[in-house]
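Chemist: This one is final01.cif, mmCIF, C-alpha atoms.
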data_final
loop_
_atom_site.group_PDB
_atom_site.id
_atom_site.type_symbol
_atom_site.label_atom_id
_atom_site.label_comp_id
_atom_site.auth_asym_id
_atom_site.auth_seq_id
_atom_site.Cartn_x
_atom_site.Cartn_y
_atom_site.Cartn_z
ATOM 1 C CA MET D 1 -30.835 34.847 -19.790
ATOM 2 C CA ALA D 2 -33.381 32.932 -17.759
ATOM 3 C CA GLU D 3 -32.356 29.754 -19.594
ATOM 4 C CA ALA D 4 -28.685 30.385 -18.820
ATOM 5 C CA THR D 5 -29.524 30.858 -15.138
ATOM 6 C CA ALA D 6 -31.484 27.629 -15.144
ATOM 7 C CA HIS D 7 -28.494 25.809 -16.655
ATOM 8 C CA ALA D 8 -26.171 27.334 -14.064
ATOM 9 C CA HIS D 9 -28.412 26.029 -11.330
ATOM 10 C CA HIS D 10 -28.961 22.557 -12.665
ATOM 11 C CA GLY D 11 -25.632 21.862 -14.397
ATOM 12 C CA PRO D 12 -25.135 18.824 -16.584
ATOM 13 C CA SER D 13 -27.398 15.827 -16.111
ATOM 14 C CA PRO D 14 -25.947 12.681 -14.463
ATOM 15 C CA GLN D 15 -25.708 11.071 -17.899
ATOM 16 C CA GLU D 16 -23.840 14.090 -19.286
ATOM 17 C CA GLN D 17 -21.516 13.999 -16.278
ATOM 18 C CA ALA D 18 -20.817 10.324 -16.908
ATOM 19 C CA GLU D 19 -20.079 11.022 -20.588
ATOM 20 C CA ASN D 20 -17.741 13.882 -19.636
ATOM 21 C CA ILE D 21 -15.858 11.667 -17.166
ATOM 22 C CA LYS D 22 -15.485 8.952 -19.810
ATOM 23 C CA PHE D 23 -14.259 11.521 -22.333
ATOM 24 C CA GLY D 24 -11.644 12.618 -19.798
ATOM 25 C CA VAL D 25 -10.442 9.026 -19.448
ATOM 26 C CA TRP D 26 -10.273 8.652 -23.242
ATOM 27 C CA LEU D 27 -8.134 11.818 -23.447
ATOM 28 C CA TYR D 28 -5.822 10.357 -20.808
ATOM 29 C CA LEU D 29 -5.622 7.089 -22.763
ATOM 30 C CA ALA D 30 -4.754 9.091 -25.896
ATOM 31 C CA SER D 31 -1.691 10.416 -24.084
ATOM 32 C CA GLU D 32 -0.803 6.853 -23.095
ATOM 33 C CA VAL D 33 -1.015 5.833 -26.757
ATOM 34 C CA ILE D 34 1.798 8.270 -27.550
ATOM 35 C CA ILE D 35 3.995 7.097 -24.655
ATOM 36 C CA PHE D 36 3.646 3.397 -25.447
ATOM 37 C CA SER D 37 4.052 4.070 -29.176
ATOM 38 C CA VAL D 38 7.472 5.556 -28.477
ATOM 39 C CA PHE D 39 8.532 2.452 -26.504
ATOM 40 C CA ILE D 40 7.112 0.108 -29.130
ATOM 41 C CA THR D 41 8.854 1.944 -31.986
ATOM 42 C CA ILE D 42 12.192 1.956 -30.155
ATOM 43 C CA TYR D 43 11.927 -1.805 -29.549
ATOM 44 C CA ALA D 44 10.799 -2.466 -33.143
ATOM 45 C CA MET D 45 13.804 -0.578 -34.508
ATOM 46 C CA PHE D 46 16.146 -2.564 -32.281
ATOM 47 C CA ARG D 47 14.420 -5.845 -33.210
ATOM 48 C CA ALA D 48 14.699 -5.117 -36.937
ATOM 49 C CA GLN D 49 18.397 -4.304 -36.753
ATOM 50 C CA ASN D 50 19.561 -6.800 -34.109
ATOM 51 C CA PRO D 51 17.766 -10.087 -34.836
ATOM 52 C CA ASP D 52 20.640 -12.181 -33.444
ATOM 53 C CA THR D 53 20.454 -10.511 -30.030
ATOM 54 C CA VAL D 54 16.713 -11.185 -29.789
ATOM 55 C CA PHE D 55 17.323 -14.783 -30.888
ATOM 56 C CA HIS D 56 19.800 -15.256 -28.002
ATOM 57 C CA VAL D 57 17.308 -13.882 -25.476
ATOM 58 C CA ARG D 58 14.524 -16.156 -26.737
ATOM 59 C CA GLU D 59 16.807 -19.162 -26.469
ATOM 60 C CA GLU D 60 17.252 -18.321 -22.798
ATOM 61 C CA LEU D 61 13.644 -17.559 -21.981
ATOM 62 C CA GLY D 62 11.106 -19.394 -24.144
ATOM 63 C CA ILE D 63 7.483 -18.251 -24.324
ATOM 64 C CA ALA D 64 5.648 -20.687 -22.007
ATOM 65 C CA LEU D 65 5.626 -18.423 -18.952
ATOM 66 C CA VAL D 66 4.724 -15.243 -20.809
ATOM 67 C CA SER D 67 2.030 -17.055 -22.798
ATOM 68 C CA PHE D 68 0.415 -18.190 -19.542
ATOM 69 C CA ASN D 69 0.701 -14.618 -18.256
ATOM 70 C CA THR D 70 -1.004 -13.346 -21.399
ATOM 71 C CA PHE D 71 -3.942 -15.670 -20.764
ATOM 72 C CA LEU D 72 -4.153 -14.333 -17.198
ATOM 73 C CA LEU D 73 -4.451 -10.763 -18.473
ATOM 74 C CA LEU D 74 -6.993 -11.701 -21.154
ATOM 75 C CA THR D 75 -9.051 -13.483 -18.502
ATOM 76 C CA SER D 76 -8.827 -10.448 -16.221
ATOM 77 C CA SER D 77 -10.271 -8.271 -19.009
ATOM 78 C CA TRP D 78 -13.169 -10.688 -19.351
ATOM 79 C CA ALA D 79 -13.689 -10.662 -15.556
ATOM 80 C CA MET D 80 -13.678 -6.845 -15.612
ATOM 81 C CA VAL D 81 -16.350 -6.582 -18.262
ATOM 82 C CA MET D 82 -18.434 -9.264 -16.521
ATOM 83 C CA GLY D 83 -18.287 -7.063 -13.414
ATOM 84 C CA LEU D 84 -19.645 -4.144 -15.419
ATOM 85 C CA ARG D 85 -22.384 -6.375 -16.753
ATOM 86 C CA ALA D 86 -23.219 -7.427 -13.194
ATOM 87 C CA ILE D 87 -23.680 -3.872 -11.890
ATOM 88 C CA GLN D 88 -25.708 -2.927 -14.956
ATOM 89 C CA ALA D 89 -28.054 -5.695 -13.818
ATOM 90 C CA GLY D 90 -27.918 -4.387 -10.226
ATOM 91 C CA LYS D 91 -25.848 -7.275 -8.829
ATOM 92 C CA GLN D 92 -23.524 -5.699 -6.245
ATOM 93 C CA ARG D 93 -22.028 -8.948 -4.923
ATOM 94 C CA ALA D 94 -21.323 -10.230 -8.410
ATOM 95 C CA LEU D 95 -19.637 -6.910 -9.221
ATOM 96 C CA MET D 96 -17.373 -7.290 -6.182
ATOM 97 C CA ALA D 97 -16.564 -10.899 -7.077
ATOM 98 C CA TRP D 98 -15.698 -10.146 -10.719
ATOM 99 C CA ILE D 99 -13.613 -7.057 -9.982
ATOM 100 C CA GLY D 100 -11.937 -8.918 -7.109
ATOM 101 C CA LEU D 101 -11.038 -11.648 -9.612
ATOM 102 C CA THR D 102 -9.687 -8.959 -11.950
ATOM 103 C CA ALA D 103 -7.416 -7.680 -9.166
ATOM 104 C CA LEU D 104 -6.284 -11.213 -8.329
ATOM 105 C CA LEU D 105 -5.387 -12.009 -11.949
ATOM 106 C CA GLY D 106 -3.582 -8.680 -12.296
ATOM 107 C CA THR D 107 -1.566 -9.462 -9.167
ATOM 108 C CA ALA D 108 -0.671 -12.896 -10.549
ATOM 109 C CA PHE D 109 0.421 -11.254 -13.809
ATOM 110 C CA VAL D 110 2.802 -8.917 -11.987
ATOM 111 C CA GLY D 111 4.106 -11.788 -9.828
ATOM 112 C CA LEU D 112 4.909 -13.906 -12.878
ATOM 113 C CA GLN D 113 6.502 -10.913 -14.586
ATOM 114 C CA TYR D 114 8.808 -10.703 -11.577
ATOM 115 C CA VAL D 115 9.650 -14.404 -12.022
ATOM 116 C CA GLU D 116 10.431 -13.739 -15.691
ATOM 117 C CA TYR D 117 12.661 -10.781 -14.813
ATOM 118 C CA THR D 118 14.512 -12.943 -12.291
ATOM 119 C CA GLU D 119 15.138 -15.626 -14.938
ATOM 120 C CA LEU D 120 16.352 -13.004 -17.404
ATOM 121 C CA ALA D 121 18.658 -11.481 -14.801
ATOM 122 C CA HIS D 122 20.152 -14.916 -14.086
ATOM 123 C CA ALA D 123 20.677 -15.369 -17.823
ATOM 124 C CA GLY D 124 22.601 -12.095 -17.869
ATOM 125 C CA VAL D 125 20.052 -9.787 -19.490
ATOM 126 C CA ALA D 126 20.579 -6.436 -17.751
ATOM 127 C CA ILE D 127 19.616 -2.851 -18.429
ATOM 128 C CA ASN D 128 23.254 -1.903 -18.901
ATOM 129 C CA ASN D 129 24.778 -4.831 -20.811
ATOM 130 C CA THR D 130 28.030 -3.740 -22.460
ATOM 131 C CA ASN D 131 28.668 -4.065 -26.174
ATOM 132 C CA ALA D 132 30.715 -7.199 -25.441
ATOM 133 C CA SER D 133 27.577 -9.037 -24.243
ATOM 134 C CA VAL D 134 25.410 -11.066 -26.628
ATOM 135 C CA PHE D 135 22.474 -9.204 -25.056
ATOM 136 C CA ALA D 136 23.939 -5.737 -25.744
ATOM 137 C CA GLY D 137 21.273 -3.077 -26.073
ATOM 138 C CA PHE D 138 18.379 -5.460 -25.430
ATOM 139 C CA GLY D 139 17.810 -4.950 -21.702
ATOM 140 C CA MET D 140 16.893 -1.272 -21.744
ATOM 141 C CA ARG D 141 14.601 -1.702 -24.742
ATOM 142 C CA PHE D 142 12.905 -4.729 -23.173
ATOM 143 C CA TYR D 143 12.609 -3.702 -19.530
ATOM 144 C CA THR D 144 11.383 -0.149 -20.211
ATOM 145 C CA PRO D 145 8.123 -1.020 -22.033
ATOM 146 C CA THR D 146 7.386 -4.186 -20.029
ATOM 147 C CA ALA D 147 8.118 -2.585 -16.644
ATOM 148 C CA PHE D 148 6.157 0.541 -17.587
ATOM 149 C CA HIS D 149 3.289 -1.738 -18.540
ATOM 150 C CA GLY D 150 3.728 -3.690 -15.292
ATOM 151 C CA ALA D 151 3.483 -0.422 -13.343
ATOM 152 C CA HIS D 152 0.176 0.220 -15.096
ATOM 153 C CA VAL D 153 -1.043 -3.230 -14.030
ATOM 154 C CA ILE D 154 -0.072 -2.492 -10.407
ATOM 155 C CA ILE D 155 -1.974 0.821 -10.523
ATOM 156 C CA GLY D 156 -4.881 -1.057 -12.109
ATOM 157 C CA VAL D 157 -4.917 -3.612 -9.292
ATOM 158 C CA ILE D 158 -5.034 -0.813 -6.699
ATOM 159 C CA TRP D 159 -7.828 0.867 -8.691
ATOM 160 C CA ALA D 160 -9.725 -2.454 -8.869
ATOM 161 C CA LEU D 161 -9.520 -2.879 -5.096
ATOM 162 C CA TRP D 162 -10.819 0.671 -4.715
ATOM 163 C CA VAL D 163 -13.769 -0.197 -6.979
ATOM 164 C CA VAL D 164 -14.453 -3.298 -4.850
ATOM 165 C CA TRP D 165 -14.332 -1.176 -1.689
ATOM 166 C CA ARG D 166 -16.761 1.353 -3.164
ATOM 167 C CA ALA D 167 -19.039 -1.457 -4.318
ATOM 168 C CA TRP D 168 -18.977 -2.862 -0.782
ATOM 169 C CA LYS D 169 -20.069 0.596 0.429
ATOM 170 C CA GLY D 170 -22.941 0.464 -2.053
ATOM 171 C CA ARG D 171 -21.723 3.357 -4.188
ATOM 172 C CA TYR D 172 -22.698 1.752 -7.504
ATOM 173 C CA SER D 173 -26.133 0.944 -8.872
ATOM 174 C CA THR D 174 -27.916 0.241 -12.144
ATOM 175 C CA GLU D 175 -28.135 4.027 -12.585
ATOM 176 C CA ASN D 176 -24.643 4.960 -11.416
ATOM 177 C CA TYR D 177 -21.723 2.830 -12.519
ATOM 178 C CA VAL D 178 -19.463 5.280 -14.355
ATOM 179 C CA GLY D 179 -16.743 4.550 -11.764
ATOM 180 C CA VAL D 180 -16.737 0.916 -12.875
ATOM 181 C CA GLU D 181 -16.788 1.915 -16.542
ATOM 182 C CA THR D 182 -13.800 4.259 -16.242
ATOM 183 C CA PHE D 183 -11.765 1.630 -14.423
ATOM 184 C CA GLY D 184 -12.734 -0.780 -17.194
ATOM 185 C CA LEU D 185 -11.506 1.599 -19.900
ATOM 186 C CA TYR D 186 -8.136 1.821 -18.163
ATOM 187 C CA TRP D 187 -7.856 -1.917 -17.547
ATOM 188 C CA HIS D 188 -8.798 -2.899 -21.091
ATOM 189 C CA PHE D 189 -6.326 -0.370 -22.470
ATOM 190 C CA VAL D 190 -3.594 -2.011 -20.391
ATOM 191 C CA ASP D 191 -4.710 -5.335 -21.886
ATOM 192 C CA VAL D 192 -4.572 -3.926 -25.434
ATOM 193 C CA VAL D 193 -1.030 -2.668 -24.854
ATOM 194 C CA TRP D 194 -0.004 -6.112 -23.638
ATOM 195 C CA ILE D 195 -1.568 -7.791 -26.690
ATOM 196 C CA LEU D 196 0.727 -5.674 -28.874
ATOM 197 C CA LEU D 197 3.830 -6.016 -26.662
ATOM 198 C CA PHE D 198 3.368 -9.800 -26.436
ATOM 199 C CA THR D 199 3.350 -10.154 -30.213
ATOM 200 C CA LEU D 200 6.158 -7.697 -30.876
ATOM 201 C CA ILE D 201 8.577 -8.739 -28.123
ATOM 202 C CA TYR D 202 7.935 -12.461 -27.694
ATOM 203 C CA LEU D 203 6.482 -13.806 -30.942
ATOM 204 C CA VAL D 204 7.713 -11.849 -33.962
ATOM 205 C CA MET O 205 -31.243 1.575 -17.138
ATOM 206 C CA THR O 206 -33.167 -0.920 -19.174
ATOM 207 C CA ASP O 207 -31.996 -3.994 -21.030
ATOM 208 C CA GLU O 208 -32.587 -2.071 -24.254
ATOM 209 C CA ALA O 209 -29.987 0.452 -23.154
ATOM 210 C CA HIS O 210 -27.584 -2.406 -22.437
ATOM 211 C CA PRO O 211 -28.002 -5.059 -25.097
ATOM 212 C CA HIS O 212 -25.050 -6.972 -23.596
ATOM 213 C CA HIS O 213 -27.348 -8.203 -20.837
ATOM 214 C CA HIS O 214 -28.677 -10.784 -23.233
ATOM 215 C CA ASP O 215 -26.813 -14.073 -23.404
ATOM 216 C CA ALA O 216 -27.827 -14.685 -27.024
ATOM 217 C CA ILE O 217 -25.198 -14.147 -29.701
ATOM 218 C CA ILE O 218 -26.229 -13.618 -33.305
ATOM 219 C CA LEU O 219 -23.945 -15.410 -35.752
ATOM 220 C CA PRO O 220 -23.747 -14.967 -39.542
ATOM 221 C CA GLY O 221 -26.852 -16.365 -41.211
ATOM 222 C CA ASP O 222 -28.983 -15.091 -38.296
ATOM 223 C CA ARG O 223 -28.109 -18.172 -36.249
ATOM 224 C CA ARG O 224 -28.251 -17.610 -32.487
ATOM 225 C CA ILE O 225 -26.359 -19.284 -29.681
ATOM 226 C CA ARG O 226 -26.763 -18.753 -25.952
ATOM 227 C CA LEU O 227 -23.610 -18.298 -23.897
ATOM 228 C CA PRO O 228 -23.342 -17.211 -20.242
ATOM 229 C CA GLY O 229 -21.916 -13.701 -20.415
ATOM 230 C CA GLY O 230 -23.168 -13.227 -23.976
ATOM 231 C CA ILE O 231 -20.943 -11.310 -26.377
ATOM 232 C CA TYR O 232 -18.334 -10.687 -23.657
ATOM 233 C CA THR O 233 -17.682 -14.396 -23.191
ATOM 234 C CA PHE O 234 -17.786 -14.986 -26.929
ATOM 235 C CA VAL O 235 -15.129 -12.311 -27.483
ATOM 236 C CA PHE O 236 -13.020 -13.826 -24.696
ATOM 237 C CA VAL O 237 -13.163 -17.260 -26.348
ATOM 238 C CA VAL O 238 -12.155 -15.724 -29.708
ATOM 239 C CA LEU O 239 -9.268 -13.842 -28.030
ATOM 240 C CA ALA O 240 -8.051 -17.036 -26.361
ATOM 241 C CA LEU O 241 -8.226 -19.011 -29.614
ATOM 242 C CA LEU O 242 -6.381 -16.289 -31.541
ATOM 243 C CA THR O 243 -3.684 -16.260 -28.849
ATOM 244 C CA LEU O 244 -3.254 -20.037 -29.199
ATOM 245 C CA ILE O 245 -2.891 -19.601 -32.967
ATOM 246 C CA GLU O 246 -0.295 -16.867 -32.379
ATOM 247 C CA ILE O 247 1.729 -19.113 -30.052
ATOM 248 C CA PHE O 248 1.583 -21.904 -32.644
ATOM 249 C CA LEU O 249 2.715 -19.541 -35.417
ATOM 250 C CA ALA O 250 5.610 -18.306 -33.277
ATOM 251 C CA GLY O 251 7.171 -21.760 -33.684
ATOM 252 C CA MET O 252 6.992 -21.589 -37.472
ATOM 253 C CA PRO O 253 10.042 -20.664 -39.604
ATOM 254 C CA GLU O 254 10.768 -16.935 -39.693
ATOM 255 C CA GLY O 255 9.705 -14.870 -42.666
ATOM 256 C CA PRO O 256 7.762 -11.770 -43.712
ATOM 257 C CA ALA O 257 4.498 -13.705 -44.060
ATOM 258 C CA ARG O 258 4.692 -14.970 -40.470
ATOM 259 C CA VAL O 259 5.385 -11.432 -39.201
ATOM 260 C CA LEU O 260 2.442 -10.010 -41.168
ATOM 261 C CA VAL O 261 0.048 -12.714 -39.944
ATOM 262 C CA LEU O 262 1.168 -12.323 -36.318
ATOM 263 C CA PHE O 263 0.719 -8.546 -36.411
ATOM 264 C CA GLY O 264 -2.598 -8.953 -38.200
ATOM 265 C CA ILE O 265 -3.865 -11.247 -35.449
ATOM 266 C CA ALA O 266 -2.569 -8.907 -32.713
ATOM 267 C CA ILE O 267 -4.299 -5.900 -34.292
ATOM 268 C CA GLY O 268 -7.482 -7.952 -34.650
ATOM 269 C CA LYS O 269 -7.347 -8.931 -30.966
ATOM 270 C CA ALA O 270 -6.731 -5.326 -29.905
ATOM 271 C CA ALA O 271 -9.651 -4.184 -32.062
ATOM 272 C CA LEU O 272 -11.964 -6.767 -30.465
ATOM 273 C CA VAL O 273 -11.092 -5.488 -26.975
ATOM 274 C CA VAL O 274 -11.535 -1.843 -27.966
ATOM 275 C CA ILE O 275 -14.782 -2.375 -29.870
ATOM 276 C CA TYR O 276 -16.553 -4.763 -27.493
ATOM 277 C CA TYR O 277 -14.939 -4.450 -24.053
ATOM 278 C CA MET O 278 -14.294 -0.690 -24.248
ATOM 279 C CA HIS O 279 -17.673 -0.239 -25.987
ATOM 280 C CA LEU O 280 -16.476 1.905 -28.874
ATOM 281 C CA LYS O 281 -19.062 0.080 -30.972
ATOM 282 C CA ASP O 282 -21.900 1.712 -29.031
ATOM 283 C CA ASP O 283 -20.317 4.768 -27.407
ATOM 284 C CA ARG O 284 -19.983 8.295 -28.767
ATOM 285 C CA ARG O 285 -17.993 8.673 -31.981
ATOM 286 C CA ILE O 286 -15.746 11.327 -30.394
ATOM 287 C CA PHE O 287 -14.270 8.644 -28.096
ATOM 288 C CA ALA O 288 -13.161 6.608 -31.105
ATOM 289 C CA TRP O 289 -11.544 9.659 -32.710
ATOM 290 C CA THR O 290 -9.801 10.499 -29.445
ATOM 291 C CA LEU O 291 -8.091 7.125 -29.673
ATOM 292 C CA LEU O 292 -7.595 6.987 -33.435
ATOM 293 C CA VAL O 293 -5.967 10.390 -34.051
ATOM 294 C CA PRO O 294 -2.892 9.846 -31.822
ATOM 295 C CA LEU O 295 -2.746 6.216 -32.926
ATOM 296 C CA ILE O 296 -2.600 7.186 -36.610
ATOM 297 C CA PHE O 297 0.110 9.812 -36.010
ATOM 298 C CA ALA O 298 2.136 7.475 -33.794
ATOM 299 C CA THR O 299 1.895 4.659 -36.360
ATOM 300 C CA LEU O 300 2.988 6.937 -39.201
ATOM 301 C CA GLY O 301 5.883 8.249 -37.112
ATOM 302 C CA GLY O 302 6.896 4.717 -36.161
ATOM 303 C CA PHE O 303 6.924 3.531 -39.778
ATOM 304 C CA PHE O 304 8.892 6.628 -40.800
ATOM 305 C CA LEU O 305 11.575 5.790 -38.223
ATOM 306 C CA LEU O 306 11.569 2.066 -39.053
ATOM 307 C CA LEU O 307 12.033 2.761 -42.763
ATOM 308 C CA SER O 308 14.755 5.321 -42.137
ATOM 309 C CA PRO O 309 17.982 4.295 -43.914
ATOM 310 C CA VAL O 310 20.159 5.684 -41.101
ATOM 311 C CA PRO O 311 21.953 2.808 -39.317
ATOM 312 C CA TYR O 312 20.724 2.320 -35.792
ATOM 313 C CA SER O 313 23.534 1.767 -33.350
ATOM 314 C CA THR O 314 23.237 0.023 -29.996
#
Have the structure of the file written as structure tokens, please.

Modeler:
Amino acid sequence: MAEATAHAHHGPSPQEQAENIKFGVWLYLASEVIIFSVFITIYAMFRAQNPDTVFHVREELGIALVSFNTFLLLTSSWAMVMGLRAIQAGKQRALMAWIGLTALLGTAFVGLQYVEYTELAHAGVAINNTNASVFAGFGMRFYTPTAFHGAHVIIGVIWALWVVWRAWKGRYSTENYVGVETFGLYWHFVDVVWILLFTLIYLV
Amino acid sequence: MTDEAHPHHHDAIILPGDRRIRLPGGIYTFVFVVLALLTLIEIFLAGMPEGPARVLVLFGIAIGKAALVVIYYMHLKDDRRIFAWTLLVPLIFATLGGFFLLLSPVPYST
């Protein structure tokens, strides 16, 4: 009884709290796995049964722009984890610089995705192409996963700026950086999703 | 927390054969370089003639890249095992469901 009262007073240790927060983020990411899996499966089914349509789209678009964009996102993941490394070593300014770079690269990614969408729209790839179009059925299956992913990048950029703001306020230290870690889990997950979408949609 | 708690603070990377190289950023930078090289290989392979082998290799590389990010950048290598299972269980079910749908003989209409 006395032990239970002591627990009620003290609660979980800071390390236990950090682990619980990270577990919560992992559970959230598990739900994201299901959502993106649905989009990926729908696209894969379309790709397997309509190779000519995908061929027409690739003729219009090429992969130079999206390949560059992929490198931007990979670099942003590296910048993110370097920021975590910085705060683990107690370097506040380096944390701000690395996470700021992460936000910048994420913004560039979204900007170039907009450029790509514009090019596709000019080529005639729309969400509601009719069956008469050579792009029939492609638009919805392409824009849904890539735009949903892009929305995640935008949220990630906002989250990154929030981390920078909190770092500027001195909220992180060598002992307390779970806020940076949880943002990192989210950002790297977004990167992992893009790694798979890039291969499935643009390369295979 | 000490450097022992965060081995990534060290810039040294241990290669097969117990060879060590020093790289600013340590394992994180090393993984980034590997990811970039694998992406270049993928882009090169995308220009190759179509075929099942190309598809398998491209997906193999993509899964390898994703695994590198999850293991090293998301720290599943060092973190609690429950985190890995939290990711793996839905992933396994989603993959099985996806293959079931892909292998379905029902024609898929646009």

Chemist: Provide the CA of Gly229 (chain O) to CA of Leu185 (chain D) distance in Å, to one decimal place.

Modeler: 18.5 Å

Chemist: For Val235 (chain O), find every residue with an atom within 10 Å (counting all atoms listed in the file), except residues of its own chain fewer than 5 positions away, and show them as a list in words.

Modeler: Trp78 of chain D; Gly229, Gly230, Ala240, Leu241, Lys269, Leu272, Val273, Tyr276 and Tyr277 of chain O

Chemist: Show me, as a count of residues only, every residue of chain D with an atom at most 8 Å from chain O, counting all atoms listed in the file.

Modeler: 42

Chemist: By how many Å are CA of Thr102 (chain D) and CA of Val66 (chain D) apart?

Modeler: 18.0 Å

Chemist: With the file shown as input, list the residues that the PyMOL selection byres ((chain D and resi 140-155) around 8) selects, as a PyMOL selection string.

Modeler: chain D and resi 36+39-40+42-43+46+106-107+110+113+126-128+137-139+156-159+187+190+193-194+197+201

Chemist: For the atom pair CA of Asp215 (chain O) and CA of Ile231 (chain O), what is the interatomic distance in Å to one decimal place?

Modeler: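 Rounded to one decimal, the two atoms are 7.1 Å apart.
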
Chemist: Closest to Ser173 (chain D) among D:Gly90, D:Gly100, D:Gly111, D:Gly124, using all atoms listed in the file?

Modeler: D:Gly90

Chemist: Box in all listed atoms of region 95-100 of chain D, axis-aligned, with 8 Å more on each side; write out centre and edge lengths in Å to one decimal as AutoDock Vina command-line options.

Modeler:
--center_x -15.8 --center_y -8.9 --center_z -8.5 --size_x 23.7 --size_y 20.0 --size_z 20.5

Chemist: Find, counting all atoms listed in the file, the residue in O:Ile275, O:Pro309, O:Gly264, O:Asp282 that gets nearest to Leu242 (chain O).

Modeler: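 For Leu242 (chain O), the nearest of the candidates is O:Gly264.
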